[in-house]
>>> print(open('structure.txt').read())   # compact mmCIF, C-alpha atoms
# COMPACT_ATOMS: atom_id res chain seq x y z
CA MET S 1424 -17.17 30.01 5.53
CA ASN S 1425 -19.89 30.79 3.03
CA GLY S 1426 -21.47 27.57 1.68
CA THR S 1427 -22.57 28.91 -1.70
CA GLU S 1428 -21.21 26.98 -4.69
CA VAL S 1429 -20.45 27.77 -8.26
CA GLY S 1430 -22.73 25.03 -9.54
CA LEU S 1431 -22.23 22.80 -12.53
CA ASP S 1432 -25.25 20.87 -13.72
CA TYR S 1433 -25.28 17.32 -12.34
CA GLY S 1434 -25.85 15.69 -15.72
CA ARG S 1435 -23.11 17.82 -17.24
CA MET S 1436 -20.69 16.76 -14.52
CA LEU S 1437 -21.58 13.13 -15.17
CA ASP S 1438 -20.79 13.52 -18.88
CA LEU S 1439 -17.56 15.38 -18.16
CA LEU S 1440 -16.34 12.73 -15.73
CA GLY S 1441 -16.76 10.07 -18.41
CA ILE S 1442 -14.89 12.20 -20.95
CA GLU S 1443 -12.03 12.90 -18.54
CA ALA S 1444 -11.67 9.17 -17.83
CA GLN S 1445 -11.49 8.41 -21.56
CA LEU S 1446 -8.83 11.08 -22.10
CA LEU S 1447 -6.74 9.74 -19.24
CA THR S 1448 -6.97 6.14 -20.41
CA ALA S 1449 -6.11 7.10 -24.00
CA ALA S 1450 -2.95 8.88 -22.82
CA THR S 1451 -1.57 5.66 -21.33
CA HIS S 1452 -1.42 3.68 -24.60
CA ASP S 1453 2.22 4.42 -25.41
CA ALA S 1454 3.28 5.69 -22.00
CA HIS S 1455 5.80 4.45 -19.46
CA ALA S 1456 4.62 3.78 -15.93
CA ASP S 1457 7.71 5.38 -14.37
CA ALA S 1458 7.46 8.64 -16.34
CA PRO S 1459 7.36 11.53 -13.83
CA ALA S 1460 4.11 13.47 -13.47
CA LEU S 1461 5.32 17.07 -13.28
CA GLY S 1462 3.91 19.44 -10.71
CA ALA S 1463 3.25 19.21 -7.01
CA SER S 1464 2.09 15.59 -6.82
CA GLY S 1465 5.55 14.02 -6.93
CA ARG S 1466 4.10 10.84 -8.43
CA THR S 1467 4.97 8.88 -11.54
CA LEU S 1468 2.39 8.23 -14.25
CA GLY S 1469 1.68 4.75 -12.91
CA GLN S 1470 1.42 5.98 -9.32
CA THR S 1471 -0.99 8.71 -10.43
CA ILE S 1472 -3.37 6.22 -12.03
CA ARG S 1473 -3.12 3.89 -9.05
CA HIS S 1474 -3.92 6.80 -6.72
CA LEU S 1475 -6.94 7.75 -8.82
CA GLY S 1476 -8.13 4.14 -8.73
CA ASP S 1477 -7.83 4.30 -4.93
CA LEU S 1478 -9.96 7.44 -4.93
CA CYS S 1479 -12.61 5.65 -7.01
CA GLU S 1480 -12.74 2.76 -4.54
CA ASP S 1481 -12.85 5.11 -1.55
CA THR S 1482 -15.70 7.09 -3.12
CA LEU S 1483 -17.67 3.91 -3.84
CA SER S 1484 -17.29 3.05 -0.16
CA TRP S 1485 -18.51 6.49 0.97
CA LEU S 1486 -21.50 6.07 -1.33
CA GLY S 1487 -22.27 2.65 0.12
CA ALA S 1488 -22.20 1.18 -3.39
CA THR S 1489 -22.49 -2.55 -3.94
CA ALA S 1490 -19.38 -2.40 -6.15
CA ALA S 1491 -17.35 -1.34 -3.10
CA GLU S 1492 -17.93 -4.63 -1.31
CA GLN S 1493 -15.03 -6.25 -3.17
CA ARG S 1494 -11.77 -4.33 -3.20
CA TRP S 1495 -9.57 -4.75 -6.25
CA ASP S 1496 -6.27 -6.01 -4.88
CA LEU S 1497 -3.28 -5.08 -7.01
CA PRO S 1498 0.14 -6.79 -6.80
CA ASP S 1499 2.98 -4.97 -5.04
CA GLN S 1500 4.40 -3.83 -8.38
CA PRO S 1501 1.48 -3.73 -10.80
CA SER S 1502 1.90 -3.07 -14.50
CA LEU S 1503 0.55 0.07 -16.11
CA ARG S 1504 -2.12 -2.04 -17.81
CA GLU S 1505 -3.25 -3.43 -14.45
CA VAL S 1506 -3.60 -0.06 -12.73
CA THR S 1507 -5.29 1.45 -15.79
CA SER S 1508 -7.76 -1.44 -16.04
CA ARG S 1509 -8.60 -1.10 -12.36
CA PHE S 1510 -9.17 2.64 -12.73
CA ALA S 1511 -11.36 2.19 -15.83
CA VAL S 1512 -13.55 -0.46 -14.20
CA ARG S 1513 -13.93 1.40 -10.91
CA LEU S 1514 -14.66 4.67 -12.69
CA ALA S 1515 -17.36 2.88 -14.69
CA ASP S 1516 -18.80 1.59 -11.39
CA LEU S 1517 -18.88 5.17 -10.12
CA LEU S 1518 -20.57 6.49 -13.26
CA ALA S 1519 -23.24 3.81 -12.89
CA GLU S 1520 -23.74 4.71 -9.22
CA PHE S 1521 -23.95 8.44 -9.91
CA GLY S 1522 -26.30 7.86 -12.83
CA ALA S 1523 -28.68 5.81 -10.72
CA ARG S 1524 -29.00 8.32 -7.87
CA PRO S 1525 -30.39 11.86 -7.71
CA PRO S 1526 -27.86 14.61 -6.92
CA HIS S 1527 -29.36 15.40 -3.53
CA ASP S 1528 -29.50 11.80 -2.34
CA ARG S 1529 -28.05 11.78 1.17
CA CYS S 1530 -24.73 10.06 1.89
CA PRO S 1531 -21.74 10.62 4.18
CA THR S 1532 -18.97 12.99 3.06
CA TRP S 1533 -15.96 14.61 4.71
CA TRP S 1534 -17.23 18.18 4.18
CA PRO S 1535 -19.70 19.28 6.91
CA GLU S 1536 -21.60 21.62 4.58
CA GLN S 1537 -22.75 18.99 2.08
CA HIS S 1538 -23.76 15.37 2.58
CA THR S 1539 -25.10 14.39 -0.80
CA VAL S 1540 -24.15 12.34 -3.84
CA ARG S 1541 -23.47 15.58 -5.71
CA PHE S 1542 -20.49 16.27 -3.45
CA TRP S 1543 -18.81 13.06 -4.59
CA LEU S 1544 -19.52 13.57 -8.28
CA ARG S 1545 -18.03 17.05 -8.11
CA ARG S 1546 -15.03 15.79 -6.10
CA MET S 1547 -14.31 12.95 -8.54
CA LEU S 1548 -14.71 15.21 -11.56
CA HIS S 1549 -12.02 17.56 -10.31
CA ALA S 1550 -9.73 14.79 -9.06
CA THR S 1551 -9.94 13.07 -12.44
CA THR S 1552 -9.47 16.31 -14.38
CA VAL S 1553 -6.31 17.32 -12.50
CA HIS S 1554 -4.82 13.82 -12.67
CA ARG S 1555 -5.76 13.50 -16.35
CA VAL S 1556 -3.57 16.54 -16.97
CA ASP S 1557 -0.82 14.87 -14.91
CA VAL S 1558 -1.03 11.71 -16.98
CA GLN S 1559 -1.09 13.53 -20.32
CA VAL S 1560 1.96 15.60 -19.37
CA ALA S 1561 3.83 12.52 -18.13
CA ALA S 1562 2.94 10.67 -21.35
CA GLY S 1563 4.17 13.53 -23.53
CA VAL S 1564 0.65 14.25 -24.76
CA LEU S 1565 -0.48 17.86 -25.21
CA PRO S 1566 -2.98 18.39 -22.37
CA THR S 1567 -6.57 18.70 -23.51
CA PRO S 1568 -7.91 22.18 -22.60
CA ILE S 1569 -10.12 22.39 -19.53
CA GLU S 1570 -13.44 24.12 -20.11
CA PRO S 1571 -13.54 27.52 -18.33
CA GLU S 1572 -16.79 26.71 -16.50
CA VAL S 1573 -15.26 23.50 -15.16
CA ALA S 1574 -12.13 25.32 -14.06
CA THR S 1575 -14.18 28.07 -12.36
CA ASP S 1576 -16.10 25.43 -10.42
CA GLY S 1577 -12.78 23.78 -9.59
CA VAL S 1578 -11.33 27.01 -8.20
CA ASP S 1579 -14.43 27.37 -6.03
CA GLU S 1580 -14.05 23.78 -4.82
CA VAL S 1581 -10.38 23.99 -3.96
CA LEU S 1582 -10.89 27.25 -2.09
CA ARG S 1583 -13.99 26.27 -0.11
CA LEU S 1584 -13.30 22.60 0.58
CA TRP S 1585 -9.54 22.41 0.81
CA PHE S 1586 -8.40 25.89 1.86
CA GLY S 1587 -11.53 26.85 3.78
CA TYR S 1588 -12.16 23.53 5.55
CA ARG S 1589 -9.45 20.91 5.08
CA LEU S 1590 -6.66 23.04 6.57
CA HIS S 1591 -8.70 23.42 9.76
CA ALA S 1592 -9.36 19.67 9.86
CA LEU S 1593 -5.62 19.04 9.53
CA GLY S 1594 -4.79 21.58 12.23
CA ILE S 1595 -2.73 23.73 9.82
CA THR S 1596 -2.78 27.52 10.14
CA ALA S 1597 -1.04 30.45 8.47
CA THR S 1598 2.21 31.83 9.84
CA ARG S 1599 0.96 35.41 9.44
CA PRO S 1600 -2.36 37.13 8.70
CA CYS S 1601 -3.10 37.79 5.05
CA SER S 1602 -5.99 38.31 2.65
CA VAL S 1603 -5.96 37.50 -1.06
CA GLY S 1604 -8.53 38.31 -3.71
CA VAL S 1605 -8.97 35.59 -6.34
CA TYR S 1606 -10.67 36.22 -9.66
CA VAL S 1607 -11.52 34.30 -12.82
CA ALA S 1608 -13.85 35.66 -15.50
CA ASP S 1609 -16.87 37.07 -13.62
CA GLN S 1610 -16.31 35.11 -10.40
CA ASN S 1611 -14.43 36.48 -7.39
CA TRP S 1612 -13.49 35.23 -3.93
CA LEU S 1613 -11.81 36.74 -0.90
CA VAL S 1614 -9.69 34.33 1.13
CA THR S 1615 -8.23 35.19 4.51
CA ALA S 1616 -5.83 33.31 6.75
CA ASP S 1617 -4.21 33.86 10.13
CA GLN S 1618 -3.05 31.86 13.13
CA ASN S 1619 -6.69 31.14 14.06
CA GLY S 1620 -7.78 29.64 10.75
CA THR S 1621 -8.96 30.40 7.22
CA ALA S 1622 -12.10 31.74 5.58
CA VAL S 1623 -13.47 32.04 2.05
CA VAL S 1624 -16.32 34.28 0.91
CA SER S 1625 -17.64 35.67 -2.33
CA SER S 1626 -16.01 39.03 -3.02
CA ALA S 1627 -19.46 40.45 -3.70
CA ASP S 1628 -20.21 39.98 0.01
CA VAL S 1629 -17.26 42.15 1.05
CA ALA S 1630 -17.05 44.72 -1.71
CA THR S 1631 -15.48 47.33 0.57
CA THR S 1632 -12.56 45.11 1.58
CA THR S 1633 -9.17 45.70 -0.02
CA PRO S 1634 -7.07 42.50 0.08
CA ASP S 1635 -3.32 42.42 0.62
CA ALA S 1636 -2.86 40.84 -2.81
CA VAL S 1637 -4.77 39.66 -5.87
CA VAL S 1638 -4.28 36.56 -8.03
CA GLY S 1639 -6.29 35.63 -11.10
CA GLY S 1640 -6.41 35.15 -14.83
CA ASP S 1641 -7.85 32.52 -17.13
CA ALA S 1642 -9.85 30.04 -15.09
CA PRO S 1643 -7.99 26.89 -16.30
CA ALA S 1644 -4.63 28.47 -15.46
CA VAL S 1645 -5.71 29.58 -11.97
CA TYR S 1646 -7.27 26.14 -11.37
CA LEU S 1647 -4.09 24.25 -12.26
CA TRP S 1648 -1.89 26.79 -10.44
CA MET S 1649 -3.86 26.22 -7.24
CA TRP S 1650 -3.30 22.47 -7.58
CA GLY S 1651 0.44 23.08 -8.02
CA ARG S 1652 0.51 22.12 -11.70
CA LEU S 1653 1.50 25.48 -13.17
CA PRO S 1654 4.12 28.06 -12.12
CA ASP S 1655 3.40 31.56 -10.84
CA ARG S 1656 3.98 33.07 -14.27
CA ALA S 1657 0.83 31.27 -15.52
CA VAL S 1658 -1.39 33.57 -13.43
CA GLU S 1659 -1.70 37.32 -12.90
CA THR S 1660 -0.61 38.71 -9.53
CA SER S 1661 -0.44 42.04 -7.78
CA GLY S 1662 0.11 43.33 -4.26
CA ASP S 1663 1.86 41.42 -1.47
CA LEU S 1664 3.57 38.49 -3.19
CA ASP S 1665 4.32 36.88 0.18
CA ALA S 1666 0.58 36.66 0.83
CA ILE S 1667 0.10 34.88 -2.51
CA ALA S 1668 3.01 32.55 -1.74
CA GLN S 1669 1.41 31.68 1.60
CA LEU S 1670 -1.95 30.98 -0.09
CA TRP S 1671 -0.25 28.66 -2.57
CA SER S 1672 1.76 26.88 0.11
CA LEU S 1673 -1.30 26.35 2.30
CA LEU S 1674 -3.20 24.94 -0.69
CA GLN S 1675 -0.42 22.43 -1.35
CA LEU S 1676 -0.53 21.31 2.29
CA ALA S 1677 -4.31 20.98 2.16
CA THR S 1678 -4.43 18.99 -1.08
CA ARG S 1679 -1.38 16.73 -0.81
>>> encode(input="structure.txt", output="structure tokens")
Amino acid sequence: MNGTEVGLDYGRMLDLLGIEAQLLTAATHDAHADAPALGASGRTLGQTIRHLGDLCEDTLSWLGATAAEQRWDLPDQPSLREVTSRFAVRLADLLAEFGARPPHDRCPTWWPEQHTVRFWLRRMLHATTVHRVDVQVAAGVLPTPIEPEVATDGVDEVLRLWFGYRLHALGITATRPCSVGVYVADQNWLVTADQNGTAVVSSADVATTTPDAVVGGDAPAVYLWMWGRLPDRAVETSGDLDAIAQLWSLLQLATR
């Protein structure tokens, strides 16, 4: 797997994470905790926010942050206010931790190719962005548009980290060989899968390769489609539709 990233500026990611957290919190004001979050997650609005709070606490632990020393114990059936307050406080702890450390500060991660603070800021930005959309949809709020550059980076992340690495870590392989070209704006990837594993490279590195199928379109649509939040009609497809279906199914297994 090629380790090159589509890089967002560290300071920009820090700002965006704070904005995404504010959007998510604002969407809960008149919401119901048991409202279903549509898409592949299968969670309710309240469960989504609780899950994101768990991710914040887990990330603080990976970072070795002082704030992680005391876990925030929630009751068995917490209110929406309780899970939202926990998320907001823990996200603020994360922002403070990220803001106090340089992007290339070493720390443990679960991706072998990068062991820095930047990995966790990028990971939390995309987790919060996707779940913010979940919460807005569940609350009946029109989802705030995702910036194309953020979505492009998110497509790169989900392909390289989740499809390219996480499937292997989980011991999941494809049922048949396939190759799919993925494109958004001026960025392209070639993903391949077979019974031996998966791989992701920049299409520029394999310009002579013709994939079995192609999927692409507007970066935000492709980004949310890959996370199981939009249907197939939201993206543009051509070629072997079974290959695209396998890519999508493998992504859902990797990211669940």
>>> closest_atom_pairs(input="structure.txt", of="range 1599-1674 of chain S", to="range 1464-1474 of chain S", cutoff="12 Å", atoms="all atoms listed in the file", output="tab-separated table")
residue	atom	partner	partner_atom	distance
S:Leu1647	CA	S:Ser1464	CA	11.9
S:Trp1650	CA	S:Ser1464	CA	8.8
S:Gly1651	CA	S:Ser1464	CA	7.8
S:Arg1652	CA	S:Ser1464	CA	8.3
S:Leu1653	CA	S:Ser1464	CA	11.8
>>> closest_residue(input="structure.txt", among="S:Leu1437, S:Cys1601, S:Ala1668, S:Asp1617", to="Pro1526 in chain S", atoms="only C-alpha atoms")
S:Leu1437
>>> residues_around(input="structure.txt", residues="range 1528-1537 of chain S", least_positions_apart="6", cutoff="12 Å", atoms="all atoms listed in the file", output="ChimeraX atom specification")
/S:1424-1428,1481-1488,1520-1522,1543-1546,1580,1583-1592
>>> closest_residue(input="structure.txt", among="S:Glu1659, S:Glu1572, S:Glu1443, S:Glu1492", to="Leu1514 in chain S", atoms="all atoms listed in the file")
S:Glu1443
>>> atom_distance(input="structure.txt", atom1="CA of Asp1457 in chain S", atom2="CA of Val1581 in chain S")
28.0 Å
>>> atom_distance(input="structure.txt", atom1="CA of Arg1656 in chain S", atom2="CA of Asp1579 in chain S")
21.0 Å
>>> closest_residue(input="structure.txt", among="S:Ala1519, S:Ser1602, S:Gln1610, S:Ala1574", to="Gly1441 in chain S", atoms="all atoms listed in the file")
S:Ala1519
>>> residues_near_point(input="structure.txt", point="(-14.5, 28.8, -12.3)", cutoff="10 Å", atoms="all atoms listed in the file", output="VMD selection string")
chain S and resid 1429 to 1431 1570 to 1580 1606 to 1611 1641 to 1643 1645 to 1646
>>> closest_residue(input="structure.txt", among="S:Trp1671, S:Phe1510, S:Trp1495, S:Tyr1433", to="Val1603 in chain S", atoms="only C-alpha atoms")
S:Trp1671
>>> closest_residue(input="structure.txt", among="S:Val1614, S:Asp1453, S:Ala1622, S:Thr1632", to="Ile1667 in chain S", atoms="all atoms listed in the file")
S:Val1614
>>> atom_distance(input="structure.txt", atom1="CA of Leu1517 in chain S", atom2="CA of Gln1559 in chain S")
22.1 Å
>>> closest_residue(input="structure.txt", among="S:Thr1615, S:Gln1445, S:Thr1660, S:Thr1596", to="Val1558 in chain S", atoms="all atoms listed in the file")
S:Gln1445
>>> build_atoms(input="structure.txt", residues="range 1641-1657 of chain S", atoms="N, CA, C and O atoms", output="short mmCIF file (atom, residue, chain, number, x, y, z; two decimals), keeping the file's coordinate frame")
data_model
loop_
_atom_site.label_atom_id
_atom_site.label_comp_id
_atom_site.auth_asym_id
_atom_site.auth_seq_id
_atom_site.Cartn_x
_atom_site.Cartn_y
_atom_site.Cartn_z
N ASP S 1641 -6.98 33.51 -16.50
CA ASP S 1641 -7.85 32.52 -17.13
C ASP S 1641 -8.16 31.42 -16.13
O ASP S 1641 -7.27 30.92 -15.43
N ALA S 1642 -9.42 31.01 -16.09
CA ALA S 1642 -9.85 30.04 -15.09
C ALA S 1642 -9.04 28.74 -15.12
O ALA S 1642 -8.62 28.25 -14.06
N PRO S 1643 -8.79 28.13 -16.30
CA PRO S 1643 -7.99 26.89 -16.30
C PRO S 1643 -6.59 27.08 -15.71
O PRO S 1643 -6.08 26.19 -15.02
N ALA S 1644 -5.97 28.22 -15.98
CA ALA S 1644 -4.63 28.47 -15.46
C ALA S 1644 -4.65 28.63 -13.94
O ALA S 1644 -3.81 28.07 -13.22
N VAL S 1645 -5.61 29.39 -13.42
CA VAL S 1645 -5.71 29.58 -11.97
C VAL S 1645 -6.01 28.24 -11.29
O VAL S 1645 -5.44 27.91 -10.24
N TYR S 1646 -6.90 27.48 -11.88
CA TYR S 1646 -7.27 26.14 -11.37
C TYR S 1646 -6.05 25.25 -11.23
O TYR S 1646 -5.77 24.70 -10.15
N LEU S 1647 -5.27 25.11 -12.30
CA LEU S 1647 -4.09 24.25 -12.26
C LEU S 1647 -2.98 24.84 -11.39
O LEU S 1647 -2.22 24.10 -10.75
N TRP S 1648 -2.87 26.15 -11.33
CA TRP S 1648 -1.89 26.79 -10.44
C TRP S 1648 -2.21 26.45 -8.99
O TRP S 1648 -1.30 26.13 -8.20
N MET S 1649 -3.48 26.51 -8.62
CA MET S 1649 -3.86 26.22 -7.24
C MET S 1649 -3.55 24.77 -6.86
O MET S 1649 -3.26 24.49 -5.69
N TRP S 1650 -3.62 23.88 -7.84
CA TRP S 1650 -3.30 22.47 -7.58
C TRP S 1650 -1.80 22.20 -7.76
O TRP S 1650 -1.37 21.05 -7.74
N GLY S 1651 -1.00 23.25 -7.94
CA GLY S 1651 0.44 23.08 -8.02
C GLY S 1651 0.93 22.52 -9.34
O GLY S 1651 2.05 22.00 -9.42
N ARG S 1652 0.13 22.67 -10.40
CA ARG S 1652 0.51 22.12 -11.70
C ARG S 1652 1.06 23.16 -12.65
O ARG S 1652 1.60 22.80 -13.70
N LEU S 1653 0.95 24.42 -12.32
CA LEU S 1653 1.50 25.48 -13.17
C LEU S 1653 2.29 26.46 -12.31
O LEU S 1653 1.97 26.66 -11.13
N PRO S 1654 3.31 27.10 -12.88
CA PRO S 1654 4.12 28.06 -12.12
C PRO S 1654 3.41 29.40 -11.94
O PRO S 1654 2.37 29.67 -12.58
N ASP S 1655 3.99 30.25 -11.12
CA ASP S 1655 3.40 31.56 -10.84
C ASP S 1655 3.20 32.40 -12.10
O ASP S 1655 2.25 33.18 -12.18
N ARG S 1656 4.09 32.24 -13.07
CA ARG S 1656 3.98 33.07 -14.27
C ARG S 1656 2.73 32.75 -15.10
O ARG S 1656 2.38 33.52 -16.00
N ALA S 1657 2.05 31.65 -14.78
CA ALA S 1657 0.83 31.27 -15.52
C ALA S 1657 -0.38 32.08 -15.09
O ALA S 1657 -1.41 32.08 -15.77
#
